[in-house]
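Below is run04.cif, which holds mmCIF, C-alpha atoms.
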```cif
data_entry
#
loop_
_atom_site.group_PDB
_atom_site.id
_atom_site.type_symbol
_atom_site.label_atom_id
_atom_site.label_comp_id
_atom_site.auth_asym_id
_atom_site.auth_seq_id
_atom_site.Cartn_x
_atom_site.Cartn_y
_atom_site.Cartn_z
ATOM 1 C CA MET A 1 69.383 52.936 -14.961
ATOM 2 C CA THR A 2 67.761 53.106 -11.537
ATOM 3 C CA GLN A 3 64.106 53.945 -11.048
ATOM 4 C CA PRO A 4 63.393 57.288 -9.389
ATOM 5 C CA ALA A 5 62.007 57.085 -5.889
ATOM 6 C CA VAL A 6 58.247 57.354 -5.657
ATOM 7 C CA ARG A 7 57.216 60.343 -3.609
ATOM 8 C CA THR A 8 54.557 59.735 -0.983
ATOM 9 C CA ARG A 9 52.413 62.089 1.037
ATOM 10 C CA PHE A 10 51.722 61.361 4.733
ATOM 11 C CA GLY A 11 53.283 57.890 4.396
ATOM 12 C CA ALA A 12 50.673 56.653 1.887
ATOM 13 C CA PRO A 13 51.962 54.815 -1.198
ATOM 14 C CA ALA A 14 51.893 56.648 -4.501
ATOM 15 C CA PRO A 15 49.733 55.228 -7.344
ATOM 16 C CA ASP A 16 52.733 53.492 -8.981
ATOM 17 C CA SER A 17 54.170 52.091 -5.746
ATOM 18 C CA SER A 18 54.886 48.363 -5.495
ATOM 19 C CA LEU A 19 53.444 48.197 -1.965
ATOM 20 C CA PRO A 20 49.813 47.275 -2.853
ATOM 21 C CA PHE A 21 50.953 44.632 -5.343
ATOM 22 C CA VAL A 22 53.302 42.947 -2.857
ATOM 23 C CA ALA A 23 50.628 42.948 -0.147
ATOM 24 C CA SER A 24 48.090 41.462 -2.575
ATOM 25 C CA VAL A 25 50.504 38.734 -3.663
ATOM 26 C CA CYS A 26 51.099 37.872 0.001
ATOM 27 C CA ALA A 27 47.336 37.673 0.592
ATOM 28 C CA VAL A 28 46.735 35.387 -2.401
ATOM 29 C CA GLY A 29 49.730 33.219 -1.488
ATOM 30 C CA CYS A 30 48.556 32.761 2.104
ATOM 31 C CA ALA A 31 45.010 31.951 0.958
ATOM 32 C CA ALA A 32 46.337 29.376 -1.554
ATOM 33 C CA ALA A 33 48.509 27.795 1.144
ATOM 34 C CA ALA A 34 45.482 27.608 3.462
ATOM 35 C CA ILE A 35 43.448 25.941 0.696
ATOM 36 C CA ALA A 36 46.197 23.324 0.244
ATOM 37 C CA VAL A 37 46.331 22.570 3.969
ATOM 38 C CA THR A 38 42.551 22.283 4.370
ATOM 39 C CA ALA A 39 42.310 20.040 1.287
ATOM 40 C CA HIS A 40 45.006 17.628 2.454
ATOM 41 C CA SER A 41 43.652 17.530 6.011
ATOM 42 C CA ARG A 42 40.111 16.819 4.706
ATOM 43 C CA LEU A 43 38.820 19.877 6.559
ATOM 44 C CA LEU A 44 37.734 21.307 3.210
ATOM 45 C CA PHE A 45 35.463 18.325 2.511
ATOM 46 C CA ASP A 46 34.097 17.898 6.027
ATOM 47 C CA HIS A 47 33.683 21.553 7.119
ATOM 48 C CA LEU A 48 33.403 23.830 4.102
ATOM 49 C CA TRP A 49 32.294 26.925 6.026
ATOM 50 C CA LEU A 50 35.137 26.620 8.519
ATOM 51 C CA SER A 51 37.581 26.149 5.666
ATOM 52 C CA GLY A 52 36.283 29.306 3.971
ATOM 53 C CA ALA A 53 36.723 31.253 7.204
ATOM 54 C CA LEU A 54 40.300 29.988 7.490
ATOM 55 C CA TRP A 55 41.037 31.017 3.908
ATOM 56 C CA GLY A 56 39.695 34.501 4.564
ATOM 57 C CA ALA A 57 41.696 34.823 7.774
ATOM 58 C CA ALA A 58 44.851 33.608 6.033
ATOM 59 C CA ALA A 59 44.340 36.102 3.211
ATOM 60 C CA ALA A 60 43.788 38.966 5.670
ATOM 61 C CA LEU A 61 46.841 38.035 7.725
ATOM 62 C CA GLY A 62 48.903 37.637 4.553
ATOM 63 C CA TYR A 63 47.833 41.060 3.321
ATOM 64 C CA ALA A 64 48.593 42.692 6.671
ATOM 65 C CA ALA A 65 51.970 40.936 6.936
ATOM 66 C CA GLY A 66 52.844 41.812 3.329
ATOM 67 C CA TRP A 67 51.844 45.428 3.859
ATOM 68 C CA GLY A 68 53.814 45.728 7.097
ATOM 69 C CA LEU A 69 56.921 44.006 5.735
ATOM 70 C CA SER A 70 56.773 46.065 2.559
ATOM 71 C CA ARG A 71 56.579 49.267 4.586
ATOM 72 C CA LEU A 72 59.485 48.092 6.700
ATOM 73 C CA LEU A 73 61.539 47.487 3.538
ATOM 74 C CA LYS A 74 60.316 50.814 2.112
ATOM 75 C CA PHE A 75 58.612 49.245 -0.912
ATOM 76 C CA GLN A 76 56.152 52.133 -0.893
ATOM 77 C CA ARG A 77 58.976 54.169 -2.399
ATOM 78 C CA ARG A 78 59.755 51.606 -5.064
ATOM 79 C CA THR A 79 58.064 51.727 -8.449
ATOM 80 C CA LEU A 80 56.423 48.497 -9.559
ATOM 81 C CA THR A 81 58.348 47.084 -12.520
ATOM 82 C CA PRO A 82 57.692 43.881 -14.511
ATOM 83 C CA ARG A 83 60.885 42.314 -13.152
ATOM 84 C CA PHE A 84 59.926 43.050 -9.563
ATOM 85 C CA ALA A 85 56.396 41.678 -10.177
ATOM 86 C CA VAL A 86 57.778 38.433 -11.615
ATOM 87 C CA ILE A 87 60.145 37.991 -8.664
ATOM 88 C CA ALA A 88 57.290 38.502 -6.187
ATOM 89 C CA LEU A 89 55.050 36.010 -8.020
ATOM 90 C CA VAL A 90 57.804 33.367 -8.253
ATOM 91 C CA LEU A 91 58.555 33.688 -4.529
ATOM 92 C CA ALA A 92 54.848 33.371 -3.702
ATOM 93 C CA TYR A 93 54.518 30.301 -5.943
ATOM 94 C CA ALA A 94 57.545 28.674 -4.305
ATOM 95 C CA ALA A 95 56.100 29.301 -0.840
ATOM 96 C CA VAL A 96 52.704 27.806 -1.770
ATOM 97 C CA TRP A 97 54.392 24.804 -3.430
ATOM 98 C CA GLY A 98 56.446 24.204 -0.265
ATOM 99 C CA VAL A 99 53.389 24.384 1.995
ATOM 100 C CA ASN A 100 51.467 22.034 -0.313
ATOM 101 C CA SER A 101 54.321 19.493 -0.296
ATOM 102 C CA LEU A 102 54.597 19.638 3.485
ATOM 103 C CA ALA A 103 50.821 19.269 3.916
ATOM 104 C CA SER A 104 50.706 16.256 1.581
ATOM 105 C CA HIS A 105 53.402 14.600 3.693
ATOM 106 C CA VAL A 106 51.772 15.403 7.046
ATOM 107 C CA PHE A 107 48.160 14.636 6.009
ATOM 108 C CA MET A 108 48.587 11.459 3.940
ATOM 109 C CA ASN A 109 45.702 9.371 2.688
ATOM 110 C CA ALA A 110 45.351 5.860 4.103
ATOM 111 C CA TRP A 111 47.048 4.012 1.250
ATOM 112 C CA ASP A 112 50.041 6.377 1.127
ATOM 113 C CA ARG A 113 50.417 6.019 4.881
ATOM 114 C CA TYR A 114 50.294 2.233 4.513
ATOM 115 C CA LEU A 115 53.066 2.339 1.915
ATOM 116 C CA THR A 116 55.165 4.694 4.029
ATOM 117 C CA GLU A 117 54.756 2.805 7.300
ATOM 118 C CA LEU A 118 54.301 -0.869 6.375
ATOM 119 C CA GLY A 119 53.942 -2.056 2.793
ATOM 120 C CA GLY A 120 56.098 0.155 0.588
ATOM 121 C CA PRO A 121 59.705 -0.366 -0.527
ATOM 122 C CA GLY A 122 62.039 -0.902 2.405
ATOM 123 C CA GLN A 123 59.218 -1.456 4.914
ATOM 124 C CA CYS A 124 58.614 -4.615 6.956
ATOM 125 C CA LEU A 125 55.791 -5.927 4.730
ATOM 126 C CA ALA A 126 57.408 -5.047 1.389
ATOM 127 C CA GLY A 127 58.398 -8.599 0.426
ATOM 128 C CA THR A 128 55.362 -10.304 1.924
ATOM 129 C CA PRO A 129 51.906 -11.071 0.476
ATOM 130 C CA TYR A 130 50.804 -7.791 2.083
ATOM 131 C CA GLY A 131 53.402 -5.676 0.275
ATOM 132 C CA ASN A 132 52.649 -3.024 -2.279
ATOM 133 C CA ASP A 133 53.382 -5.239 -5.294
ATOM 134 C CA ARG A 134 51.326 -8.236 -4.094
ATOM 135 C CA ALA A 135 48.407 -6.985 -1.982
ATOM 136 C CA SER A 136 45.262 -7.674 -3.970
ATOM 137 C CA VAL A 137 42.424 -5.851 -2.252
ATOM 138 C CA ILE A 138 42.234 -2.844 0.004
ATOM 139 C CA THR A 139 38.897 -2.210 1.702
ATOM 140 C CA TRP A 140 37.667 0.475 4.030
ATOM 141 C CA ALA A 141 35.003 0.043 6.668
ATOM 142 C CA ALA A 142 31.753 1.994 6.681
ATOM 143 C CA LYS A 143 31.824 5.781 6.663
ATOM 144 C CA GLY A 144 32.801 7.166 10.034
ATOM 145 C CA ASP A 145 34.988 4.149 10.822
ATOM 146 C CA ASP A 146 38.753 4.508 10.800
ATOM 147 C CA ARG A 147 39.702 0.934 9.816
ATOM 148 C CA MET A 148 41.124 -0.521 6.634
ATOM 149 C CA GLU A 149 41.795 -4.105 5.560
ATOM 150 C CA VAL A 150 44.648 -5.247 3.353
ATOM 151 C CA TRP A 151 43.976 -8.576 1.647
ATOM 152 C CA PRO A 152 47.110 -10.451 0.599
ATOM 153 C CA GLY A 153 47.854 -11.671 -2.882
ATOM 154 C CA GLY A 154 50.304 -13.841 -4.770
ATOM 155 C CA PRO A 155 50.984 -17.551 -4.442
ATOM 156 C CA ALA A 156 51.483 -19.096 -1.021
ATOM 157 C CA PRO A 157 54.953 -20.446 -0.151
ATOM 158 C CA LYS A 158 55.598 -24.125 -1.096
ATOM 159 C CA ASP A 159 55.497 -25.363 2.494
ATOM 160 C CA THR A 160 52.077 -23.777 3.169
ATOM 161 C CA PRO A 161 49.397 -26.363 4.073
ATOM 162 C CA LYS A 162 46.841 -26.965 1.328
ATOM 163 C CA GLY A 163 43.778 -24.774 1.617
ATOM 164 C CA TYR A 164 45.516 -22.238 3.883
ATOM 165 C CA LYS A 165 44.481 -18.665 3.263
ATOM 166 C CA TYR A 166 46.283 -15.638 4.530
ATOM 167 C CA PRO A 167 44.159 -13.600 6.907
ATOM 168 C CA ALA A 168 43.285 -9.999 6.124
ATOM 169 C CA LEU A 169 45.440 -7.424 7.866
ATOM 170 C CA LYS A 170 43.078 -5.106 9.756
ATOM 171 C CA LEU A 171 44.412 -1.681 10.650
ATOM 172 C CA LYS A 172 42.940 1.315 12.443
ATOM 173 C CA ASN A 173 43.657 5.058 12.182
ATOM 174 C CA ALA A 174 43.174 4.801 8.399
ATOM 175 C CA VAL A 175 41.418 8.139 8.001
ATOM 176 C CA ASN A 176 42.269 10.240 4.952
ATOM 177 C CA GLY A 177 44.018 13.338 6.187
ATOM 178 C CA GLY A 178 44.782 11.788 9.561
ATOM 179 C CA THR A 179 48.145 12.087 11.241
ATOM 180 C CA ARG A 180 48.169 9.113 13.633
ATOM 181 C CA PRO A 181 50.208 6.071 12.519
ATOM 182 C CA LEU A 182 48.419 2.911 11.470
ATOM 183 C CA ALA A 183 47.919 0.350 14.226
ATOM 184 C CA PRO A 184 46.569 -3.215 14.320
ATOM 185 C CA ALA A 185 42.815 -3.317 14.836
ATOM 186 C CA ASP A 186 42.694 -6.762 16.467
ATOM 187 C CA ASP A 187 44.934 -9.372 18.100
ATOM 188 C CA ALA A 188 45.275 -11.432 14.897
ATOM 189 C CA SER A 189 46.582 -8.413 13.009
ATOM 190 C CA ARG A 190 48.903 -7.552 15.893
ATOM 191 C CA ASP A 191 50.352 -11.079 15.821
ATOM 192 C CA LEU A 192 50.647 -10.951 12.034
ATOM 193 C CA LEU A 193 52.643 -7.718 12.142
ATOM 194 C CA ARG A 194 54.837 -9.120 14.895
ATOM 195 C CA SER A 195 55.526 -12.269 12.836
ATOM 196 C CA TYR A 196 56.926 -10.120 10.029
ATOM 197 C CA GLY A 197 59.057 -8.073 12.422
ATOM 198 C CA CYS A 198 56.901 -4.959 12.285
ATOM 199 C CA ARG A 199 57.058 -2.745 15.358
#
```

Let me see the file written as structure tokens.
Amino acid sequence: MTQPAVRTRFGAPAPDSSLPFVASVCAVGCAAAAIAVTAHSRLLFDHLWLSGALWGAAAALGYAAGWGLSRLLKFQRRTLTPRFAVIALVLAYAAVWGVNSLASHVFMNAWDRYLTELGGPGQCLAGTPYGNDRASVITWAAKGDDRMEVWPGGPAPKDTPKGYKYPALKLKNAVNGGTRPLAPADDASRDLLRSYGCR
């Protein structure tokens, strides 16, 4: 049985119209997506006030877009039902989940970027002392610096001279939430990467 159309006066939605609910869901969804992006990009932790302004702007734009799209689809004439509310909430959740997944891939932390670019499975350092399963220590430089050091682990090969120690791999661009690829921070690290066929 179909729902009767909701009568409106002067284009305004009736009290039981689905238009305000859809617009509100769009606003909350856009604000949640903005929170996910600012958290992954570290903007939330470094510039809280700017992040709050972005959340508010995203919510306002989401509400305006939801209101306009709902009017275009004539949702102001549609009665809000539980089934329609659930569909709107599921779609909003899926959109926020997608944005969060994309943001976590774009704004990786330093260790995840290291695994993706150099030390993880299938990468050039995977089977070396600097790989994910053998690296023993990861250190970051002082706050405000963008370098990281990966200290190797595991036993040295049999033909390694006695007393030889692997050097630390020093990398720059290791800022949480950064988007630039990791790069060697000195000539020794550049030569080390080259010796393992990296880049």

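In this model, the gap between CA of Cys198 (chain A) and CA of Val106 (chain A) comes to 21.6 Å.
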
Step by step, work through what the PyMOL selection byres ((chain A and resi 89) around 12) selects in the shown file, and finish by giving those residues as a VMD selection string.
chain A and resid 21 to 29 82 to 88 90 to 96

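Between CA of Thr116 (chain A) and CA of Arg180 (chain A) there is a distance of 12.7 Å.
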
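Closest approach to Arg71 (chain A) among A:Gly56, A:Gly153, A:Pro20, A:Gly98: A:Pro20, based on only C-alpha atoms.
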
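The smallest atom-to-atom distance between Thr179 (chain A) and any of A:Leu72, A:Leu44, A:Val150, A:Ala110, using all atoms listed in the file, is found for A:Ala110.
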
Around (55.1, -9.3, 0.9) in the file's frame, which residues reach within 12 Å when counting only C-alpha atoms? Return as a PyMOL selection string?
chain A and resi 115+118-136+150-157+166+193+196

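For the file shown, the residue list from the PyMOL selection byres ((chain A and resi 174) around 7) reads Ala110, Asp146, Arg147, Met148, Leu171, Lys172, Asn173, Val175, Asn176 and Leu182 of chain A.
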
Only C-alpha atoms, please: the residues just picked out, written as a PDB file, in the frame of the given file.
```pdb
ATOM      1  CA  ALA A 110      45.351   5.860   4.103  1.00  0.00           C
ATOM      2  CA  ASP A 146      38.753   4.508  10.800  1.00  0.00           C
ATOM      3  CA  ARG A 147      39.702   0.934   9.816  1.00  0.00           C
ATOM      4  CA  MET A 148      41.124  -0.521   6.634  1.00  0.00           C
ATOM      5  CA  LEU A 171      44.412  -1.681  10.650  1.00  0.00           C
ATOM      6  CA  LYS A 172      42.940   1.315  12.443  1.00  0.00           C
ATOM      7  CA  ASN A 173      43.657   5.058  12.182  1.00  0.00           C
ATOM      8  CA  VAL A 175      41.418   8.139   8.001  1.00  0.00           C
ATOM      9  CA  ASN A 176      42.269  10.240   4.952  1.00  0.00           C
ATOM     10  CA  LEU A 182      48.419   2.911  11.470  1.00  0.00           C
TER      11      LEU A 182
END
```

Identify, on the basis of all atoms listed in the file, every residue whose closest approach to Ala33 (chain A) does not exceed 7 Å; exclude the query and any residue fewer than 2 positions from it along the same chain; express the result as a PyMOL selection string.
chain A and resi 29-31+35-37+96+99-100
